[in-house]
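Asks: Below you'll find coords-v5.pdb; it's PDB, C-alpha atoms and all ligand atoms.
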```
ATOM      1  CA  MET A   1      21.332 -48.550  10.874
ATOM      2  CA  THR A   2      22.989 -45.328   9.742
ATOM      3  CA  LYS A   3      26.224 -45.649   7.832
ATOM      4  CA  PRO A   4      29.379 -43.735   8.764
ATOM      5  CA  VAL A   5      29.634 -40.493   6.786
ATOM      6  CA  ILE A   6      33.288 -41.290   6.230
ATOM      7  CA  GLU A   7      34.924 -44.641   6.491
ATOM      8  CA  LEU A   8      38.601 -45.276   5.885
ATOM      9  CA  ARG A   9      39.602 -48.884   5.379
ATOM     10  CA  ALA A  10      43.275 -49.825   5.620
ATOM     11  CA  ILE A  11      44.496 -46.553   4.135
ATOM     12  CA  SER A  12      48.197 -46.244   3.416
ATOM     13  CA  HIS A  13      49.886 -43.566   1.375
ATOM     14  CA  VAL A  14      53.381 -43.205   0.001
ATOM     15  CA  TYR A  15      54.669 -39.924  -1.467
ATOM     16  CA  VAL A  16      57.263 -40.601  -4.100
ATOM     17  CA  THR A  17      59.706 -37.896  -5.200
ATOM     18  CA  ASP A  18      62.907 -38.021  -7.306
ATOM     19  CA  ARG A  19      64.955 -38.465  -4.151
ATOM     20  CA  GLU A  20      62.868 -40.582  -1.777
ATOM     21  CA  ALA A  21      59.652 -42.367  -0.922
ATOM     22  CA  THR A  22      57.857 -41.321   2.279
ATOM     23  CA  LEU A  23      55.314 -43.581   3.930
ATOM     24  CA  ALA A  24      52.993 -40.795   5.126
ATOM     25  CA  LEU A  25      50.083 -42.998   6.283
ATOM     26  CA  GLN A  26      50.048 -46.631   7.298
ATOM     27  CA  ASP A  27      46.976 -48.818   7.739
ATOM     28  CA  ILE A  28      44.507 -46.190   8.916
ATOM     29  CA  ASN A  29      41.055 -47.500   9.812
ATOM     30  CA  LEU A  30      38.540 -44.904  10.892
ATOM     31  CA  LYS A  31      34.771 -44.369  10.925
ATOM     32  CA  VAL A  32      33.202 -40.949  11.380
ATOM     33  CA  GLU A  33      29.523 -41.178  12.292
ATOM     34  CA  PRO A  34      26.810 -38.701  11.185
ATOM     35  CA  GLY A  35      26.867 -35.528  13.277
ATOM     36  CA  GLU A  36      30.147 -36.438  14.941
ATOM     37  CA  PHE A  37      32.970 -33.928  15.510
ATOM     38  CA  VAL A  38      36.358 -35.634  15.378
ATOM     39  CA  SER A  39      39.735 -33.954  15.875
ATOM     40  CA  LEU A  40      43.100 -35.186  14.660
ATOM     41  CA  VAL A  41      46.165 -34.158  16.648
ATOM     42  CA  GLY A  42      49.775 -35.273  16.388
ATOM     43  CA  PRO A  43      53.329 -34.121  15.833
ATOM     44  CA  SER A  44      54.282 -32.202  12.738
ATOM     45  CA  GLY A  45      54.607 -34.490   9.742
ATOM     46  CA  CYS A  46      52.430 -37.306  11.140
ATOM     47  CA  GLY A  47      50.117 -37.117   8.144
ATOM     48  CA  LYS A  48      47.146 -35.043   9.389
ATOM     49  CA  THR A  49      46.811 -32.994   6.206
ATOM     50  CA  THR A  50      47.419 -36.052   4.049
ATOM     51  CA  LEU A  51      44.613 -37.848   5.878
ATOM     52  CA  LEU A  52      42.232 -34.916   5.440
ATOM     53  CA  SER A  53      43.085 -34.728   1.718
ATOM     54  CA  VAL A  54      42.296 -38.446   1.403
ATOM     55  CA  MET A  55      38.926 -37.896   3.137
ATOM     56  CA  ALA A  56      38.241 -34.947   0.837
ATOM     57  CA  GLY A  57      38.930 -37.077  -2.225
ATOM     58  CA  LEU A  58      41.716 -34.674  -3.227
ATOM     59  CA  LEU A  59      44.349 -37.359  -2.854
ATOM     60  CA  LYS A  60      43.971 -40.980  -3.907
ATOM     61  CA  PRO A  61      45.676 -43.167  -1.292
ATOM     62  CA  SER A  62      48.255 -45.700  -2.448
ATOM     63  CA  THR A  63      46.189 -48.496  -0.904
ATOM     64  CA  GLY A  64      42.917 -48.827   0.972
ATOM     65  CA  GLU A  65      39.364 -47.685   0.488
ATOM     66  CA  VAL A  66      37.516 -44.440   1.248
ATOM     67  CA  LEU A  67      33.744 -44.690   1.676
ATOM     68  CA  GLN A  68      31.242 -41.844   1.971
ATOM     69  CA  ASP A  69      27.845 -42.898   3.295
ATOM     70  CA  GLY A  70      28.868 -46.489   2.684
ATOM     71  CA  LYS A  71      29.770 -45.966  -0.986
ATOM     72  CA  PRO A  72      33.247 -45.692  -2.513
ATOM     73  CA  LEU A  73      34.261 -42.037  -2.827
ATOM     74  CA  LYS A  74      34.366 -41.058  -6.482
ATOM     75  CA  ALA A  75      35.659 -37.895  -8.115
ATOM     76  CA  GLY A  76      32.756 -35.472  -8.538
ATOM     77  CA  SER A  77      30.494 -37.162  -5.980
ATOM     78  CA  ASN A  78      32.159 -35.662  -2.955
ATOM     79  CA  LYS A  79      29.925 -34.342  -0.177
ATOM     80  CA  ALA A  80      32.725 -32.732   1.814
ATOM     81  CA  GLY A  81      33.504 -29.032   2.229
ATOM     82  CA  TYR A  82      37.080 -28.023   2.977
ATOM     83  CA  MET A  83      38.100 -25.093   5.183
ATOM     84  CA  LEU A  84      41.748 -24.144   5.546
ATOM     85  CA  GLN A  85      44.019 -22.096   7.813
ATOM     86  CA  HIS A  86      44.147 -19.320   5.212
ATOM     87  CA  ASP A  87      40.798 -18.104   4.019
ATOM     88  CA  TYR A  88      41.791 -17.870   0.327
ATOM     89  CA  LEU A  89      39.117 -15.275  -0.376
ATOM     90  CA  PHE A  90      39.467 -13.623  -3.785
ATOM     91  CA  PRO A  91      40.555 -10.010  -3.141
ATOM     92  CA  TRP A  92      38.755  -8.678  -6.233
ATOM     93  CA  ARG A  93      35.380 -10.167  -5.311
ATOM     94  CA  THR A  94      33.004  -8.678  -2.758
ATOM     95  CA  ILE A  95      32.214 -10.609   0.428
ATOM     96  CA  LEU A  96      28.860 -11.768  -0.954
ATOM     97  CA  ASP A  97      30.441 -12.835  -4.252
ATOM     98  CA  ASN A  98      33.160 -14.699  -2.358
ATOM     99  CA  ALA A  99      30.564 -16.472  -0.244
ATOM    100  CA  LEU A 100      28.655 -17.466  -3.410
ATOM    101  CA  ILE A 101      31.595 -18.861  -5.342
ATOM    102  CA  GLY A 102      30.966 -22.544  -4.467
ATOM    103  CA  LEU A 103      27.386 -22.268  -5.663
ATOM    104  CA  GLU A 104      28.540 -20.489  -8.817
ATOM    105  CA  LEU A 105      31.107 -23.183  -9.642
ATOM    106  CA  THR A 106      28.632 -25.995  -9.047
ATOM    107  CA  LYS A 107      25.924 -24.163 -11.013
ATOM    108  CA  GLN A 108      23.517 -24.003  -8.062
ATOM    109  CA  LEU A 109      23.055 -20.252  -7.998
ATOM    110  CA  THR A 110      19.307 -20.156  -7.363
ATOM    111  CA  LYS A 111      17.367 -17.328  -5.698
ATOM    112  CA  GLU A 112      16.689 -19.495  -2.629
ATOM    113  CA  ARG A 113      20.314 -20.493  -2.221
ATOM    114  CA  ILE A 114      21.524 -16.906  -2.580
ATOM    115  CA  GLN A 115      19.051 -15.908   0.133
ATOM    116  CA  LYS A 116      20.348 -18.720   2.377
ATOM    117  CA  VAL A 117      23.901 -17.428   1.969
ATOM    118  CA  LYS A 118      22.761 -13.910   2.814
ATOM    119  CA  ASP A 119      21.010 -15.267   5.919
ATOM    120  CA  LEU A 120      24.134 -17.183   6.908
ATOM    121  CA  LEU A 121      26.252 -14.033   6.529
ATOM    122  CA  ASP A 122      23.736 -12.138   8.671
ATOM    123  CA  GLY A 123      23.703 -14.920  11.261
ATOM    124  CA  MET A 124      27.474 -14.681  11.565
ATOM    125  CA  GLY A 125      27.417 -10.952  12.161
ATOM    126  CA  LEU A 126      28.497 -10.132   8.601
ATOM    127  CA  GLY A 127      25.265  -8.486   7.491
ATOM    128  CA  GLY A 128      26.785  -5.111   6.704
ATOM    129  CA  THR A 129      29.725  -6.514   4.759
ATOM    130  CA  TRP A 130      28.146  -7.887   1.572
ATOM    131  CA  ASP A 131      29.540  -5.142  -0.662
ATOM    132  CA  LEU A 132      32.919  -4.844   1.040
ATOM    133  CA  TYR A 133      36.148  -6.500  -0.122
ATOM    134  CA  PRO A 134      38.215  -9.021   1.919
ATOM    135  CA  SER A 135      40.965  -6.461   2.615
ATOM    136  CA  GLN A 136      38.406  -4.372   4.512
ATOM    137  CA  LEU A 137      37.682  -7.180   7.018
ATOM    138  CA  SER A 138      39.552  -8.491  10.079
ATOM    139  CA  GLY A 139      41.084 -12.001  10.091
ATOM    140  CA  GLY A 140      38.237 -13.384  12.204
ATOM    141  CA  MET A 141      35.608 -11.881   9.892
ATOM    142  CA  ARG A 142      37.356 -13.316   6.842
ATOM    143  CA  GLN A 143      37.380 -16.794   8.407
ATOM    144  CA  ARG A 144      33.651 -16.419   9.059
ATOM    145  CA  VAL A 145      33.160 -15.603   5.363
ATOM    146  CA  ALA A 146      35.209 -18.704   4.515
ATOM    147  CA  LEU A 147      32.910 -20.747   6.761
ATOM    148  CA  VAL A 148      29.803 -19.355   5.046
ATOM    149  CA  ARG A 149      31.367 -20.122   1.650
ATOM    150  CA  THR A 150      32.016 -23.712   2.809
ATOM    151  CA  LEU A 151      28.480 -24.124   4.189
ATOM    152  CA  ALA A 152      26.826 -22.526   1.141
ATOM    153  CA  THR A 153      26.829 -25.725  -0.906
ATOM    154  CA  ASP A 154      25.397 -27.602   2.086
ATOM    155  CA  PRO A 155      28.172 -30.200   2.417
ATOM    156  CA  GLU A 156      27.368 -33.188   4.582
ATOM    157  CA  VAL A 157      30.802 -33.154   6.180
ATOM    158  CA  LEU A 158      33.261 -30.327   6.877
ATOM    159  CA  LEU A 159      36.983 -30.953   6.796
ATOM    160  CA  LEU A 160      38.710 -28.239   8.788
ATOM    161  CA  ASP A 161      42.494 -27.906   8.439
ATOM    162  CA  GLU A 162      43.656 -25.633  11.282
ATOM    163  CA  PRO A 163      41.036 -22.980  10.488
ATOM    164  CA  PHE A 164      41.700 -21.018  13.692
ATOM    165  CA  SER A 165      45.482 -21.127  13.875
ATOM    166  CA  ALA A 166      46.165 -17.777  12.185
ATOM    167  CA  LEU A 167      43.809 -15.882  14.519
ATOM    168  CA  ASP A 168      44.440 -14.097  17.809
ATOM    169  CA  TYR A 169      43.425 -16.055  20.909
ATOM    170  CA  GLN A 170      40.215 -14.175  21.695
ATOM    171  CA  THR A 171      38.940 -14.334  18.092
ATOM    172  CA  LYS A 172      39.853 -18.013  17.951
ATOM    173  CA  LEU A 173      37.754 -18.808  21.038
ATOM    174  CA  GLN A 174      34.784 -16.840  19.667
ATOM    175  CA  LEU A 175      35.033 -18.565  16.295
ATOM    176  CA  GLU A 176      35.292 -22.032  17.876
ATOM    177  CA  ASP A 177      31.984 -21.396  19.667
ATOM    178  CA  LEU A 178      30.360 -20.075  16.514
ATOM    179  CA  ILE A 179      31.503 -22.977  14.331
ATOM    180  CA  VAL A 180      30.532 -25.678  16.824
ATOM    181  CA  ASP A 181      27.154 -24.024  17.323
ATOM    182  CA  THR A 182      26.550 -23.661  13.573
ATOM    183  CA  LEU A 183      27.589 -27.233  12.774
ATOM    184  CA  ARG A 184      25.579 -28.774  15.638
ATOM    185  CA  GLU A 185      22.480 -26.802  14.686
ATOM    186  CA  ARG A 186      22.762 -28.105  11.120
ATOM    187  CA  LYS A 187      23.726 -31.635  12.277
ATOM    188  CA  LYS A 188      26.905 -31.529  10.219
ATOM    189  CA  THR A 189      29.760 -33.955  10.590
ATOM    190  CA  ALA A 190      33.226 -32.451  11.018
ATOM    191  CA  VAL A 191      36.853 -33.514  11.076
ATOM    192  CA  LEU A 192      39.288 -30.951  12.458
ATOM    193  CA  VAL A 193      43.071 -30.920  12.232
ATOM    194  CA  THR A 194      44.643 -28.850  14.985
ATOM    195  CA  HIS A 195      47.862 -28.444  16.952
ATOM    196  CA  ASP A 196      45.914 -27.000  19.874
ATOM    197  CA  LEU A 197      45.012 -29.797  22.314
ATOM    198  CA  SER A 198      42.667 -27.699  24.390
ATOM    199  CA  GLU A 199      40.793 -26.715  21.217
ATOM    200  CA  ALA A 200      40.569 -30.370  20.134
ATOM    201  CA  ILE A 201      39.107 -31.437  23.489
ATOM    202  CA  ALA A 202      36.760 -28.439  23.744
ATOM    203  CA  VAL A 203      35.119 -28.840  20.323
ATOM    204  CA  SER A 204      35.107 -32.609  19.749
ATOM    205  CA  ASP A 205      33.251 -35.809  20.483
ATOM    206  CA  ARG A 206      36.449 -37.749  19.851
ATOM    207  CA  VAL A 207      40.141 -36.813  19.713
ATOM    208  CA  ILE A 208      42.477 -39.028  17.716
ATOM    209  CA  VAL A 209      46.206 -38.854  18.442
ATOM    210  CA  LEU A 210      48.321 -39.814  15.442
ATOM    211  CA  ALA A 211      51.816 -41.243  15.582
ATOM    212  CA  ALA A 212      54.455 -40.164  13.072
ATOM    213  CA  HIS A 213      56.791 -41.900  10.603
ATOM    214  CA  PRO A 214      54.708 -43.565   9.404
ATOM    215  CA  GLY A 215      51.475 -41.764  10.243
ATOM    216  CA  ARG A 216      49.095 -44.076  12.073
ATOM    217  CA  ILE A 217      46.460 -43.941  14.782
ATOM    218  CA  ARG A 218      48.072 -44.068  18.209
ATOM    219  CA  THR A 219      45.226 -43.467  20.696
ATOM    220  CA  THR A 220      41.616 -42.349  20.616
ATOM    221  CA  PHE A 221      40.046 -40.317  23.424
ATOM    222  CA  GLU A 222      36.251 -40.196  23.794
ATOM    223  CA  ILE A 223      35.263 -36.829  25.223
ATOM    224  CA  PRO A 224      32.912 -37.089  28.226
ATOM    225  CA  LYS A 225      29.341 -35.843  27.840
ATOM    226  CA  GLU A 226      29.722 -32.887  30.254
ATOM    227  CA  ILE A 227      32.521 -31.443  28.141
ATOM    228  CA  ARG A 228      30.944 -32.346  24.791
ATOM    229  CA  GLU A 229      27.665 -30.688  25.623
ATOM    230  CA  THR A 230      29.211 -27.440  26.809
ATOM    231  CA  ALA A 231      30.135 -24.610  24.427
ATOM    232  CA  PRO A 232      33.909 -24.765  23.747
ATOM    233  CA  PHE A 233      34.644 -21.546  25.647
ATOM    234  CA  TYR A 234      33.094 -22.902  28.873
ATOM    235  CA  ALA A 235      34.077 -26.539  28.238
ATOM    236  CA  ARG A 236      37.586 -25.602  29.315
ATOM    237  CA  ASP A 237      36.259 -24.924  32.847
ATOM    238  CA  GLN A 238      34.463 -28.275  33.129
ATOM    239  CA  GLU A 239      35.557 -30.833  35.675
ATOM    240  CA  GLY A 240      37.729 -33.429  34.001
ATOM    241  CA  PHE A 241      38.966 -31.100  31.252
ATOM    242  CA  ALA A 242      42.399 -30.496  32.799
ATOM    243  CA  GLU A 243      42.868 -34.219  33.487
ATOM    244  CA  LEU A 244      41.956 -35.106  29.910
ATOM    245  CA  PHE A 245      44.285 -32.413  28.576
ATOM    246  CA  HIS A 246      47.068 -33.945  30.654
ATOM    247  CA  GLN A 247      46.352 -37.436  29.279
ATOM    248  CA  VAL A 248      46.381 -36.283  25.633
ATOM    249  CA  TRP A 249      49.524 -34.243  26.308
ATOM    250  CA  LYS A 250      51.243 -37.309  27.806
ATOM    251  CA  GLU A 251      50.371 -39.352  24.719
ATOM    252  CA  LEU A 252      51.933 -36.737  22.454
ATOM    253  CA  GLU A 253      55.038 -36.478  24.620
ATOM    254  CA  ALA A 254      55.417 -40.284  24.632
ATOM    255  CA  GLU A 255      55.080 -40.244  20.848
ATOM    256  CA  LYS A 256      57.828 -37.604  20.538
ATOM    257  CA  GLU A 257      60.166 -39.603  22.788
ATOM    258  CA  GLU A 258      59.615 -42.744  20.723
ATOM    259  CA  VAL A 259      60.329 -40.875  17.485
ATOM    260  CA  GLN A 260      63.512 -39.195  18.879
ATOM    261  CA  PRO A 261      65.295 -41.945  20.833
TER     262      PRO A 261
HETATM  263  N1  LIG A 301      53.559 -33.581  -1.647
HETATM  264  C1  LIG A 301      54.399 -34.272  -0.869
HETATM  265  N2  LIG A 301      55.462 -34.891  -1.408
HETATM  266  C2  LIG A 301      56.322 -35.627  -0.644
HETATM  267  N3  LIG A 301      56.185 -35.777   0.672
HETATM  268  C3  LIG A 301      55.136 -35.191   1.279
HETATM  269  C4  LIG A 301      54.195 -34.401   0.531
HETATM  270  N4  LIG A 301      53.241 -33.909   1.401
HETATM  271  C5  LIG A 301      53.591 -34.380   2.612
HETATM  272  N5  LIG A 301      54.717 -35.141   2.544
HETATM  273  C6  LIG A 301      55.356 -35.850   3.664
HETATM  274  O1  LIG A 301      54.379 -36.724   4.245
HETATM  275  C7  LIG A 301      54.423 -36.685   5.663
HETATM  276  C8  LIG A 301      53.077 -36.233   6.216
HETATM  277  O2  LIG A 301      52.857 -34.858   5.843
HETATM  278  P1  LIG A 301      51.550 -34.033   6.278
HETATM  279  O3  LIG A 301      51.678 -32.674   5.711
HETATM  280  O4  LIG A 301      50.349 -34.823   5.948
HETATM  281  O5  LIG A 301      51.742 -33.994   7.869
HETATM  282  P2  LIG A 301      51.018 -33.041   8.949
HETATM  283  O6  LIG A 301      50.796 -33.900  10.132
HETATM  284  O7  LIG A 301      49.824 -32.392   8.343
HETATM  285  O8  LIG A 301      52.155 -31.973   9.228
HETATM  286  P3  LIG A 301      52.033 -30.488   9.884
HETATM  287  O9  LIG A 301      51.475 -30.689  11.263
HETATM  288  O10 LIG A 301      53.461 -30.022   9.916
HETATM  289  O11 LIG A 301      51.150 -29.687   8.988
HETATM  290  C9  LIG A 301      55.605 -35.775   6.015
HETATM  291  O12 LIG A 301      56.738 -36.578   6.228
HETATM  292  C10 LIG A 301      55.757 -34.899   4.796
HETATM  293  O13 LIG A 301      57.105 -34.487   4.638
END
```
Let me see whether you can do it: turn the structure in this file into structure tokens.
Replies:
Amino acid sequence: MTKPVIELRAISHVYVTDREATLALQDINLKVEPGEFVSLVGPSGCGKTTLLSVMAGLLKPSTGEVLQDGKPLKAGSNKAGYMLQHDYLFPWRTILDNALIGLELTKQLTKERIQKVKDLLDGMGLGGTWDLYPSQLSGGMRQRVALVRTLATDPEVLLLDEPFSALDYQTKLQLEDLIVDTLRERKKTAVLVTHDLSEAIAVSDRVIVLAAHPGRIRTTFEIPKEIRETAPFYARDQEGFAELFHQVWKELEAEKEEVQP
């Protein structure tokens, strides 16, 4: 039997500052299976980014266990790639050099891998941009470079923290299609944090609604096959999409009402 790519067992996390202690996550149990696309939605401050940082191994939770492929996640053995809202490309490096940075840092800069990155850039419509600088590209193009940079080291799982939220609506829809297509083709596992419910439903196999203060899992929605197997752009027109959107929306509204009595 295949093991979950990520497994969280009874994860809780407390941030401690000079003034207070915040229970950001409480008793989170979650399995993400190979090739699955899971989205996390929830009100601001419910711990989405904290949870993603725990999965990435960037933050050690106060209690609980993080497993990758059934083994405890250790510093340096992480198979996750992280993609953020802001592309964080280095302005002084060319597009190709930006895309290669992960390989450079992990000392994997082989001829074959460089060629793969070039092919990925081409495949994402960035073929003519290798020698340009980030400032010469649009926001959508820069996010595509960030995606290539993340994929370059061939991570098993991609952790996506609102990667589309700074883009205009049309670019965002195009990029959603491209990312889902690219990840499915490569059988990658992905966890996406988003505030956009329709995006979460359109791209995912499963949508998890988190509750706030403390952050915990409130409800999980399995996305029906007809929606899952349709490209995100067209998934929004599928029968059942509007009903599902309404259900997720109601969950979030109920959560808000419970938090603000
Ligand atoms: N470094 C930190 N130090 C102290 N408290 C923190 C820190 N980072 C986050 N928190 C607190 O932990 C809780 C969860 O924060 P987190 O950023 O994970 O939520 P989020 O759901 O990603 O929020 P948003 O949707 O606004 O990005 C919040 O109450 C936040 O104030």
Asks: Let me have all residues with an atom within 9 Å of ligand LIG 301 (chain A), counting all atoms listed in the file, laid out as a PyMOL selection string.
Replies: chain A and resi 13-17+20-25+41-53+161-162+193-195+210+212-215
Asks: Go ahead and dump the residues you just picked, C-alpha atoms, as a PDB file, in the coordinates of the input.
Replies:
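Written out: result.pdb:
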```
ATOM      1  CA  HIS A  13      49.886 -43.566   1.375  1.00  0.00           C
ATOM      2  CA  VAL A  14      53.381 -43.205   0.001  1.00  0.00           C
ATOM      3  CA  TYR A  15      54.669 -39.924  -1.467  1.00  0.00           C
ATOM      4  CA  VAL A  16      57.263 -40.601  -4.100  1.00  0.00           C
ATOM      5  CA  THR A  17      59.706 -37.896  -5.200  1.00  0.00           C
ATOM      6  CA  GLU A  20      62.868 -40.582  -1.777  1.00  0.00           C
ATOM      7  CA  ALA A  21      59.652 -42.367  -0.922  1.00  0.00           C
ATOM      8  CA  THR A  22      57.857 -41.321   2.279  1.00  0.00           C
ATOM      9  CA  LEU A  23      55.314 -43.581   3.930  1.00  0.00           C
ATOM     10  CA  ALA A  24      52.993 -40.795   5.126  1.00  0.00           C
ATOM     11  CA  LEU A  25      50.083 -42.998   6.283  1.00  0.00           C
ATOM     12  CA  VAL A  41      46.165 -34.158  16.648  1.00  0.00           C
ATOM     13  CA  GLY A  42      49.775 -35.273  16.388  1.00  0.00           C
ATOM     14  CA  PRO A  43      53.329 -34.121  15.833  1.00  0.00           C
ATOM     15  CA  SER A  44      54.282 -32.202  12.738  1.00  0.00           C
ATOM     16  CA  GLY A  45      54.607 -34.490   9.742  1.00  0.00           C
ATOM     17  CA  CYS A  46      52.430 -37.306  11.140  1.00  0.00           C
ATOM     18  CA  GLY A  47      50.117 -37.117   8.144  1.00  0.00           C
ATOM     19  CA  LYS A  48      47.146 -35.043   9.389  1.00  0.00           C
ATOM     20  CA  THR A  49      46.811 -32.994   6.206  1.00  0.00           C
ATOM     21  CA  THR A  50      47.419 -36.052   4.049  1.00  0.00           C
ATOM     22  CA  LEU A  51      44.613 -37.848   5.878  1.00  0.00           C
ATOM     23  CA  LEU A  52      42.232 -34.916   5.440  1.00  0.00           C
ATOM     24  CA  SER A  53      43.085 -34.728   1.718  1.00  0.00           C
ATOM     25  CA  ASP A 161      42.494 -27.906   8.439  1.00  0.00           C
ATOM     26  CA  GLU A 162      43.656 -25.633  11.282  1.00  0.00           C
ATOM     27  CA  VAL A 193      43.071 -30.920  12.232  1.00  0.00           C
ATOM     28  CA  THR A 194      44.643 -28.850  14.985  1.00  0.00           C
ATOM     29  CA  HIS A 195      47.862 -28.444  16.952  1.00  0.00           C
ATOM     30  CA  LEU A 210      48.321 -39.814  15.442  1.00  0.00           C
ATOM     31  CA  ALA A 212      54.455 -40.164  13.072  1.00  0.00           C
ATOM     32  CA  HIS A 213      56.791 -41.900  10.603  1.00  0.00           C
ATOM     33  CA  PRO A 214      54.708 -43.565   9.404  1.00  0.00           C
ATOM     34  CA  GLY A 215      51.475 -41.764  10.243  1.00  0.00           C
TER      35      GLY A 215
END
```
Asks: Please define a box with edges along x, y and z of the file around all atoms of segment 10-29 of chain A given in the file, extend it by 4 Å on each side, and return its centre and edge lengths in Å to one decimal, as AutoDock Vina command-line options.
Replies:
```
--center_x 53.0 --center_y -43.9 --center_z 1.3 --size_x 31.9 --size_y 19.9 --size_z 25.1
```
Asks: Take the PyMOL selection byres (((chain A and resi 166) around 10) and not hetatm), apply it to the structure above, and return the hits as a CSV table (one decimal) with C-alpha atoms, in the coordinates of the input.
Replies:
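File written: expr13.csv
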```
chain,number,residue,atom,x,y,z
A,85,GLN,CA,44.0,-22.1,7.8
A,86,HIS,CA,44.1,-19.3,5.2
A,87,ASP,CA,40.8,-18.1,4.0
A,139,GLY,CA,41.1,-12.0,10.1
A,140,GLY,CA,38.2,-13.4,12.2
A,143,GLN,CA,37.4,-16.8,8.4
A,162,GLU,CA,43.7,-25.6,11.3
A,163,PRO,CA,41.0,-23.0,10.5
A,164,PHE,CA,41.7,-21.0,13.7
A,165,SER,CA,45.5,-21.1,13.9
A,167,LEU,CA,43.8,-15.9,14.5
A,168,ASP,CA,44.4,-14.1,17.8
A,169,TYR,CA,43.4,-16.1,20.9
A,171,THR,CA,38.9,-14.3,18.1
A,172,LYS,CA,39.9,-18.0,18.0
```
Asks: Report, in Å to a single decimal, how far apart atom CA of Phe37 of chain A and atom CA of Gln238 of chain A are.
Replies: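 One can read the atom CA of Gln238 of chain A to atom CA of Phe37 of chain A distance as 18.6 Å.
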Asks: Quick one: residues within 9 Å of segment 184-192 of chain A, all atoms listed in the file, excluding same-chain residues fewer than 4 positions away - as number ranges by chain?
Replies: A: 5, 32-41, 52, 155-163, 179-180, 200, 204
Asks: Just to confirm, what's the straight-line distance from atom CA of Thr182 of chain A to atom CA of Ser135 of chain A in Å (one decimal)?
Replies: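 Result for atom CA of Thr182 of chain A versus atom CA of Ser135 of chain A: 25.0 Å, one decimal.
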Asks: Starting from the PyMOL selection byres (((chain A and resi 63) around 6) and not hetatm), expand the selection into actual residues of this file and give them as a PyMOL selection string.
Replies: chain A and resi 11-12+61-62+64
Asks: Keeping C-alpha atoms, export the residues of the selection given above as an mmCIF file, keeping the file's coordinate frame.
Replies:
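Listing of again_15.cif after writing:
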```
data_model
loop_
_atom_site.group_PDB
_atom_site.id
_atom_site.type_symbol
_atom_site.label_atom_id
_atom_site.label_comp_id
_atom_site.auth_asym_id
_atom_site.auth_seq_id
_atom_site.Cartn_x
_atom_site.Cartn_y
_atom_site.Cartn_z
ATOM 1 C CA ILE A 11 44.496 -46.553 4.135
ATOM 2 C CA SER A 12 48.197 -46.244 3.416
ATOM 3 C CA PRO A 61 45.676 -43.167 -1.292
ATOM 4 C CA SER A 62 48.255 -45.700 -2.448
ATOM 5 C CA GLY A 64 42.917 -48.827 0.972
#
```
Asks: Skip Pro224 of chain A itself and residues of its chain fewer than 5 positions away, then list as a list in words all residues within 12 Å of it, counting only C-alpha atoms.
Replies: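 Counting only the stated atoms, we get Ile201, Ala202, Val203, Ser204, Asp205, Arg206, Val207, Glu229, Thr230, Ala235, Gln238, Glu239, Gly240, Phe241, Glu243 and Leu244 of chain A.
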Asks: Go ahead and compute the interatomic distance for atom CA of Asp181 of chain A and atom CA of Asp69 of chain A, in Å to one decimal.
Replies: 23.5 Å
Asks: For Gly125 of chain A, which residue among A:Ala231, A:Leu183, A:Leu178, A:Leu173 is the nearest when counting all atoms listed in the file?
Replies: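 Ranking A:Ala231, A:Leu183, A:Leu178, A:Leu173 by distance to Gly125 of chain A, first place goes to A:Leu178.
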Asks: Calculated over all atoms listed in the file, which of the candidates A:Ile95, A:Leu109, A:Leu252, A:Leu151 has the smallest distance to Asp131 of chain A?
Replies: A:Ile95
